[in-house]
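Novice: My structure is stored as upload.json, with JSON, C-alpha atoms.
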[["chain", "number", "residue", "atom", "x", "y", "z"],
["A", 1, "MET", "CA", 25.86, -0.92, -7.78],
["A", 2, "SER", "CA", 28.21, 2.01, -8.34],
["A", 3, "SER", "CA", 30.81, 1.91, -11.06],
["A", 4, "SER", "CA", 33.55, 1.82, -8.42],
["A", 5, "THR", "CA", 32.16, -1.42, -6.96],
["A", 6, "ARG", "CA", 31.19, -3.05, -10.25],
["A", 7, "PRO", "CA", 33.22, -6.18, -11.04],
["A", 8, "ALA", "CA", 35.67, -5.86, -13.90],
["A", 9, "SER", "CA", 33.67, -8.49, -15.81],
["A", 10, "ALA", "CA", 30.82, -6.00, -16.12],
["A", 11, "ALA", "CA", 32.90, -3.72, -18.35],
["A", 12, "PRO", "CA", 31.94, -3.84, -22.03],
["A", 13, "ALA", "CA", 34.06, -6.15, -24.16],
["A", 14, "ALA", "CA", 36.15, -4.59, -26.89],
["A", 15, "PRO", "CA", 34.71, -5.01, -30.41],
["A", 16, "SER", "CA", 36.31, -7.92, -32.25],
["A", 17, "SER", "CA", 35.34, -6.99, -35.79],
["A", 18, "ALA", "CA", 34.80, -3.88, -37.88],
["A", 19, "SER", "CA", 31.02, -4.40, -37.88],
["A", 20, "GLU", "CA", 31.03, -4.34, -34.08],
["A", 21, "HIS", "CA", 32.54, -0.85, -34.16],
["A", 22, "GLU", "CA", 29.10, 0.57, -34.97],
["A", 23, "ASP", "CA", 25.85, 0.20, -33.11],
["A", 24, "ARG", "CA", 22.55, -0.71, -34.76],
["A", 25, "SER", "CA", 21.87, 2.91, -35.71],
["A", 26, "GLY", "CA", 25.19, 3.18, -37.56],
["A", 27, "SER", "CA", 26.78, 5.34, -34.82],
["A", 28, "PRO", "CA", 30.35, 4.52, -33.85],
["A", 29, "ALA", "CA", 30.43, 2.15, -30.86],
["A", 30, "GLY", "CA", 32.71, 4.63, -29.05],
["A", 31, "ASP", "CA", 30.08, 7.37, -29.34],
["A", 32, "PRO", "CA", 29.28, 8.75, -25.85],
["A", 33, "ARG", "CA", 25.51, 8.52, -26.46],
["A", 34, "THR", "CA", 25.82, 4.86, -27.51],
["A", 35, "GLN", "CA", 27.96, 4.10, -24.48],
["A", 36, "ALA", "CA", 25.45, 5.87, -22.22],
["A", 37, "PHE", "CA", 22.56, 3.82, -23.64],
["A", 38, "GLU", "CA", 24.52, 0.59, -23.24],
["A", 39, "ALA", "CA", 25.34, 1.46, -19.62],
["A", 40, "LEU", "CA", 21.67, 2.32, -19.00],
["A", 41, "GLU", "CA", 20.57, -1.02, -20.49],
["A", 42, "ARG", "CA", 22.99, -2.88, -18.20],
["A", 43, "GLU", "CA", 21.65, -1.04, -15.15],
["A", 44, "PHE", "CA", 18.06, -1.82, -16.13],
["A", 45, "GLU", "CA", 19.01, -5.49, -16.52],
["A", 46, "LEU", "CA", 20.43, -5.46, -12.98],
["A", 47, "ILE", "CA", 17.37, -3.73, -11.56],
["A", 48, "PHE", "CA", 15.00, -6.14, -13.34],
["A", 49, "THR", "CA", 16.98, -9.12, -12.06],
["A", 50, "GLN", "CA", 16.83, -7.75, -8.52],
["A", 51, "PHE", "CA", 13.11, -7.08, -8.93],
["A", 52, "ARG", "CA", 12.50, -10.68, -10.11],
["A", 53, "ARG", "CA", 14.44, -12.05, -7.13],
["A", 54, "SER", "CA", 12.45, -9.87, -4.78],
["A", 55, "ALA", "CA", 9.13, -10.87, -6.39],
["A", 56, "MET", "CA", 10.07, -14.56, -6.11],
["A", 57, "ALA", "CA", 10.96, -14.17, -2.43],
["A", 58, "ASN", "CA", 7.82, -12.13, -1.71],
["A", 59, "ALA", "CA", 5.57, -14.63, -3.49],
["A", 60, "SER", "CA", 7.06, -17.51, -1.56],
["A", 61, "GLN", "CA", 6.66, -15.60, 1.69],
["A", 62, "VAL", "CA", 2.99, -14.86, 1.02],
["A", 63, "SER", "CA", 2.30, -18.52, 0.21],
["A", 64, "GLU", "CA", 4.78, -21.34, -0.25],
["A", 65, "GLY", "CA", 5.09, -22.32, -3.90],
["A", 66, "MET", "CA", 3.33, -19.19, -5.14],
["A", 67, "LEU", "CA", 4.65, -17.95, -8.48],
["A", 68, "PRO", "CA", 5.87, -14.35, -8.89],
["A", 69, "GLY", "CA", 3.18, -13.69, -11.50],
["A", 70, "ALA", "CA", 0.48, -14.60, -8.98],
["A", 71, "TYR", "CA", 2.11, -12.26, -6.47],
["A", 72, "LYS", "CA", 1.95, -9.46, -9.05],
["A", 73, "VAL", "CA", -1.75, -10.14, -9.62],
["A", 74, "LEU", "CA", -2.41, -10.18, -5.86],
["A", 75, "THR", "CA", -0.56, -6.89, -5.30],
["A", 76, "THR", "CA", -2.39, -5.35, -8.25],
["A", 77, "ILE", "CA", -5.75, -6.36, -6.80],
["A", 78, "SER", "CA", -4.63, -4.91, -3.47],
["A", 79, "ARG", "CA", -3.64, -1.63, -5.13],
["A", 80, "VAL", "CA", -6.86, -1.20, -7.15],
["A", 81, "GLY", "CA", -9.19, -2.45, -4.40],
["A", 82, "SER", "CA", -11.18, -4.85, -6.52],
["A", 83, "ALA", "CA", -11.38, -5.75, -10.18],
["A", 84, "THR", "CA", -13.01, -8.10, -12.63],
["A", 85, "LEU", "CA", -11.04, -10.72, -14.51],
["A", 86, "SER", "CA", -11.26, -8.57, -17.65],
["A", 87, "GLU", "CA", -10.01, -5.48, -15.83],
["A", 88, "LEU", "CA", -7.04, -7.40, -14.41],
["A", 89, "THR", "CA", -6.26, -8.81, -17.84],
["A", 90, "GLU", "CA", -6.21, -5.29, -19.25],
["A", 91, "ILE", "CA", -4.21, -3.76, -16.39],
["A", 92, "LEU", "CA", -1.53, -6.48, -16.49],
["A", 93, "LEU", "CA", -1.52, -6.97, -20.28],
["A", 94, "THR", "CA", -2.00, -10.73, -20.11],
["A", 95, "ASP", "CA", -4.42, -13.17, -21.65],
["A", 96, "LYS", "CA", -7.69, -14.15, -20.03],
["A", 97, "GLY", "CA", -6.80, -17.86, -19.80],
["A", 98, "GLN", "CA", -3.61, -17.20, -17.85],
["A", 99, "MET", "CA", -5.38, -14.69, -15.62],
["A", 100, "SER", "CA", -8.18, -17.16, -14.97],
["A", 101, "ARG", "CA", -5.67, -19.84, -13.87],
["A", 102, "THR", "CA", -3.88, -17.35, -11.63],
["A", 103, "ILE", "CA", -7.14, -16.22, -10.02],
["A", 104, "ARG", "CA", -8.10, -19.85, -9.41],
["A", 105, "ASP", "CA", -4.70, -20.42, -7.73],
["A", 106, "LEU", "CA", -5.10, -17.32, -5.54],
["A", 107, "ASP", "CA", -8.61, -18.44, -4.62],
["A", 108, "GLU", "CA", -7.42, -21.95, -3.67],
["A", 109, "ARG", "CA", -4.78, -20.37, -1.44],
["A", 110, "GLY", "CA", -7.49, -18.30, 0.30],
["A", 111, "LEU", "CA", -5.85, -15.02, -0.72],
["A", 112, "ILE", "CA", -8.79, -13.51, -2.62],
["A", 113, "ASP", "CA", -12.56, -13.16, -2.31],
["A", 114, "ARG", "CA", -15.05, -13.19, -5.16],
["A", 115, "ALA", "CA", -18.36, -11.32, -5.18],
["A", 116, "PRO", "CA", -20.94, -10.46, -7.84],
["A", 117, "ASP", "CA", -20.27, -7.13, -9.53],
["A", 118, "PRO", "CA", -23.08, -4.79, -8.41],
["A", 119, "SER", "CA", -22.96, -2.92, -11.72],
["A", 120, "ASP", "CA", -23.02, -6.09, -13.85],
["A", 121, "GLY", "CA", -24.49, -9.24, -12.34],
["A", 122, "ARG", "CA", -22.73, -11.37, -14.95],
["A", 123, "SER", "CA", -19.28, -10.33, -13.72],
["A", 124, "ILE", "CA", -17.40, -11.21, -10.58],
["A", 125, "ARG", "CA", -15.37, -8.66, -8.63],
["A", 126, "ILE", "CA", -12.19, -9.99, -7.13],
["A", 127, "SER", "CA", -10.66, -8.49, -3.99],
["A", 128, "VAL", "CA", -7.95, -9.48, -1.55],
["A", 129, "SER", "CA", -9.31, -11.56, 1.32],
["A", 130, "GLU", "CA", -8.64, -10.77, 4.96],
["A", 131, "PHE", "CA", -6.10, -13.62, 4.99],
["A", 132, "GLY", "CA", -4.49, -12.26, 1.80],
["A", 133, "THR", "CA", -4.33, -8.79, 3.32],
["A", 134, "GLN", "CA", -2.59, -10.20, 6.41],
["A", 135, "ARG", "CA", -0.07, -12.15, 4.30],
["A", 136, "LEU", "CA", 0.69, -9.12, 2.12],
["A", 137, "ALA", "CA", 1.08, -6.87, 5.17],
["A", 138, "MET", "CA", 3.50, -9.34, 6.75],
["A", 139, "THR", "CA", 5.55, -9.60, 3.55],
["A", 140, "ARG", "CA", 5.52, -5.89, 2.83],
["A", 141, "GLY", "CA", 6.38, -5.07, 6.43],
["A", 142, "GLU", "CA", 9.63, -6.98, 6.14],
["A", 143, "LYS", "CA", 10.46, -5.51, 2.70],
["A", 144, "GLU", "CA", 9.07, -2.02, 3.23],
["A", 145, "HIS", "CA", 12.34, -0.23, 3.74],
["A", 146, "GLU", "CA", 14.53, -1.86, 1.06],
["A", 147, "LEU", "CA", 14.16, 1.01, -1.42],
["A", 148, "ARG", "CA", 14.41, 3.62, 1.32],
["A", 149, "ASP", "CA", 17.54, 1.96, 2.64],
["A", 150, "ALA", "CA", 19.08, 1.73, -0.84],
["A", 151, "MET", "CA", 18.41, 5.43, -1.42],
["A", 152, "GLY", "CA", 19.03, 6.49, 2.17],
["A", 153, "ARG", "CA", 21.87, 8.86, 1.35],
["A", 154, "TRP", "CA", 20.16, 10.41, -1.68],
["A", 155, "THR", "CA", 18.90, 13.96, -1.34],
["A", 156, "VAL", "CA", 15.17, 14.58, -1.61],
["A", 157, "SER", "CA", 15.80, 16.57, -4.79],
["A", 158, "ASP", "CA", 17.68, 13.60, -6.32],
["A", 159, "ILE", "CA", 14.78, 11.26, -5.46],
["A", 160, "VAL", "CA", 12.25, 13.71, -6.93],
["A", 161, "ARG", "CA", 14.34, 14.16, -10.10],
["A", 162, "PHE", "CA", 14.83, 10.40, -10.50],
["A", 163, "THR", "CA", 11.07, 9.89, -10.14],
["A", 164, "GLU", "CA", 10.41, 12.58, -12.77],
["A", 165, "LEU", "CA", 12.88, 10.97, -15.17],
["A", 166, "LEU", "CA", 11.36, 7.51, -14.69],
["A", 167, "HIS", "CA", 7.89, 8.93, -15.24],
["A", 168, "ALA", "CA", 8.97, 10.64, -18.46],
["A", 169, "LEU", "CA", 10.65, 7.44, -19.66],
["A", 170, "SER", "CA", 7.60, 5.31, -18.87],
["A", 171, "LEU", "CA", 5.39, 7.66, -20.92],
["A", 172, "GLY", "CA", 7.92, 8.14, -23.74],
["A", 173, "LEU", "CA", 8.22, 11.85, -23.00],
["A", 174, "THR", "CA", 11.21, 14.17, -23.01],
["A", 175, "PRO", "CA", 11.94, 15.09, -19.40],
["A", 176, "ARG", "CA", 11.80, 18.71, -18.44],
["A", 177, "THR", "CA", 15.11, 20.42, -17.78],
["A", 178, "PRO", "CA", 15.67, 21.14, -14.09]]
Kindly return the structure encoded in the file as structure tokens.
Specialist:
Amino acid sequence: MSSSTRPASAAPAAPSSASEHEDRSGSPAGDPRTQAFEALEREFELIFTQFRRSAMANASQVSEGMLPGAYKVLTTISRVGSATLSELTEILLTDKGQMSRTIRDLDERGLIDRAPDPSDGRSIRISVSEFGTQRLAMTRGEKEHELRDAMGRWTVSDIVRFTELLHALSLGLTPRTP
């Protein structure tokens, strides 16, 4: 949402005490860098909220009553091709018990297949079933252009730069100067 269309309620409230005139680092609250970080945090909150809404809708569309976390696991399996329970736990930074319950749910819904791991007979490789692939394709087909539509008027160089900045942020790097 652009600043010109943002509701007035989204504007930061004025500090009500002297201690609120400084941020946690001791910088004045009116400092442009502090204000920029606060604005960035608000925008991330909006994006994360939109992402959660989208994940909830996608999960429900794949299978009624499916939780967004299960949808994330299913899309991760789809992206990596196949994985063991341990690999999924590591990729998604979750605990094995939760992952095991999610895999059981996906299996009961017919969205995944399990097969012995050829490199380790003790492990099971999990992949998206044909039915799961169809359900994901249907859901993704309807949602495929949301990001493209949202960024439809952006220049290619703006999209490339935004991608570079997000990549640097995700790795904790300083972005290169254009």
Novice: Go through A:Gly110, A:Gly97, A:Gly172, A:Pro32 and flag the residue nearest A:Arg135, using all atoms listed in the file for the distances.
Specialist: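 Of A:Gly110, A:Gly97, A:Gly172, A:Pro32, the one nearest A:Arg135, counting all atoms listed in the file, is A:Gly110.
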Novice: Pick out the residues sitting within 10 Å of A:Pro68, and hand them over as a ChimeraX atom specification; count all atoms listed in the file, and ignore anything fewer than 4 positions along from it in its own chain.
Specialist: /A:52-60,72-74
Novice: Neighbours of A:Glu130 within 10 Å (all atoms listed in the file; same-chain residues fewer than 3 positions away dropped), as a count of residues only?
Specialist: 9
Novice: Separation of atom CA of A:Thr155 and atom CA of A:Ala168, in Å?
Specialist: 20.1 Å
Novice: Just to confirm, what's the straight-line distance from atom CA of A:Phe48 to atom CA of A:Leu147 in Å (one decimal)?
Specialist: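 Separation of atom CA of A:Phe48 and atom CA of A:Leu147: 13.9 Å.
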Novice: Give me the residues near A:Ser123 as a PDB file with C-alpha atoms, in the coordinates of the input, where near means some atom within 10 Å (using only C-alpha atoms) and where sequence neighbours in that chain fewer than 4 positions away do not count.
Specialist:
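File written: out_18.pdb
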ATOM      1  CA  ALA A  83     -11.380  -5.750 -10.180  1.00  0.00           C
ATOM      2  CA  THR A  84     -13.010  -8.100 -12.630  1.00  0.00           C
ATOM      3  CA  LEU A  85     -11.040 -10.720 -14.510  1.00  0.00           C
ATOM      4  CA  SER A  86     -11.260  -8.570 -17.650  1.00  0.00           C
ATOM      5  CA  ARG A 114     -15.050 -13.190  -5.160  1.00  0.00           C
ATOM      6  CA  ALA A 115     -18.360 -11.320  -5.180  1.00  0.00           C
ATOM      7  CA  PRO A 116     -20.940 -10.460  -7.840  1.00  0.00           C
ATOM      8  CA  ASP A 117     -20.270  -7.130  -9.530  1.00  0.00           C
ATOM      9  CA  PRO A 118     -23.080  -4.790  -8.410  1.00  0.00           C
ATOM     10  CA  SER A 119     -22.960  -2.920 -11.720  1.00  0.00           C
TER      11      SER A 119
END
Novice: Show me as a CSV table (one decimal) with C-alpha atoms, in the frame of the given file the residues that reach within 12 Å of (-0.6, -17.7, -15.6), counting only C-alpha atoms and using the file's own coordinates.
Specialist:
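Ended up saving to selection-v1.csv:
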chain,number,residue,atom,x,y,z
A,66,MET,CA,3.3,-19.2,-5.1
A,67,LEU,CA,4.6,-18.0,-8.5
A,68,PRO,CA,5.9,-14.4,-8.9
A,69,GLY,CA,3.2,-13.7,-11.5
A,70,ALA,CA,0.5,-14.6,-9.0
A,71,TYR,CA,2.1,-12.3,-6.5
A,72,LYS,CA,2.0,-9.5,-9.0
A,73,VAL,CA,-1.8,-10.1,-9.6
A,89,THR,CA,-6.3,-8.8,-17.8
A,92,LEU,CA,-1.5,-6.5,-16.5
A,93,LEU,CA,-1.5,-7.0,-20.3
A,94,THR,CA,-2.0,-10.7,-20.1
A,95,ASP,CA,-4.4,-13.2,-21.6
A,96,LYS,CA,-7.7,-14.2,-20.0
A,97,GLY,CA,-6.8,-17.9,-19.8
A,98,GLN,CA,-3.6,-17.2,-17.8
A,99,MET,CA,-5.4,-14.7,-15.6
A,100,SER,CA,-8.2,-17.2,-15.0
A,101,ARG,CA,-5.7,-19.8,-13.9
A,102,THR,CA,-3.9,-17.4,-11.6
A,103,ILE,CA,-7.1,-16.2,-10.0
A,104,ARG,CA,-8.1,-19.8,-9.4
A,105,ASP,CA,-4.7,-20.4,-7.7
A,106,LEU,CA,-5.1,-17.3,-5.5
Novice: Atom CA of A:Pro178 to atom CA of A:Arg153: how many Å, to one decimal?
Specialist: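 We find that atom CA of A:Pro178 and atom CA of A:Arg153 lie 20.7 Å from each other.
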Novice: Measuring between only C-alpha atoms, which one of A:Thr76, A:Ser157, A:Thr34, A:Thr174 shows the shortest distance to A:Val128?
Specialist: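 Closest residue, counting only C-alpha atoms: A:Thr76.
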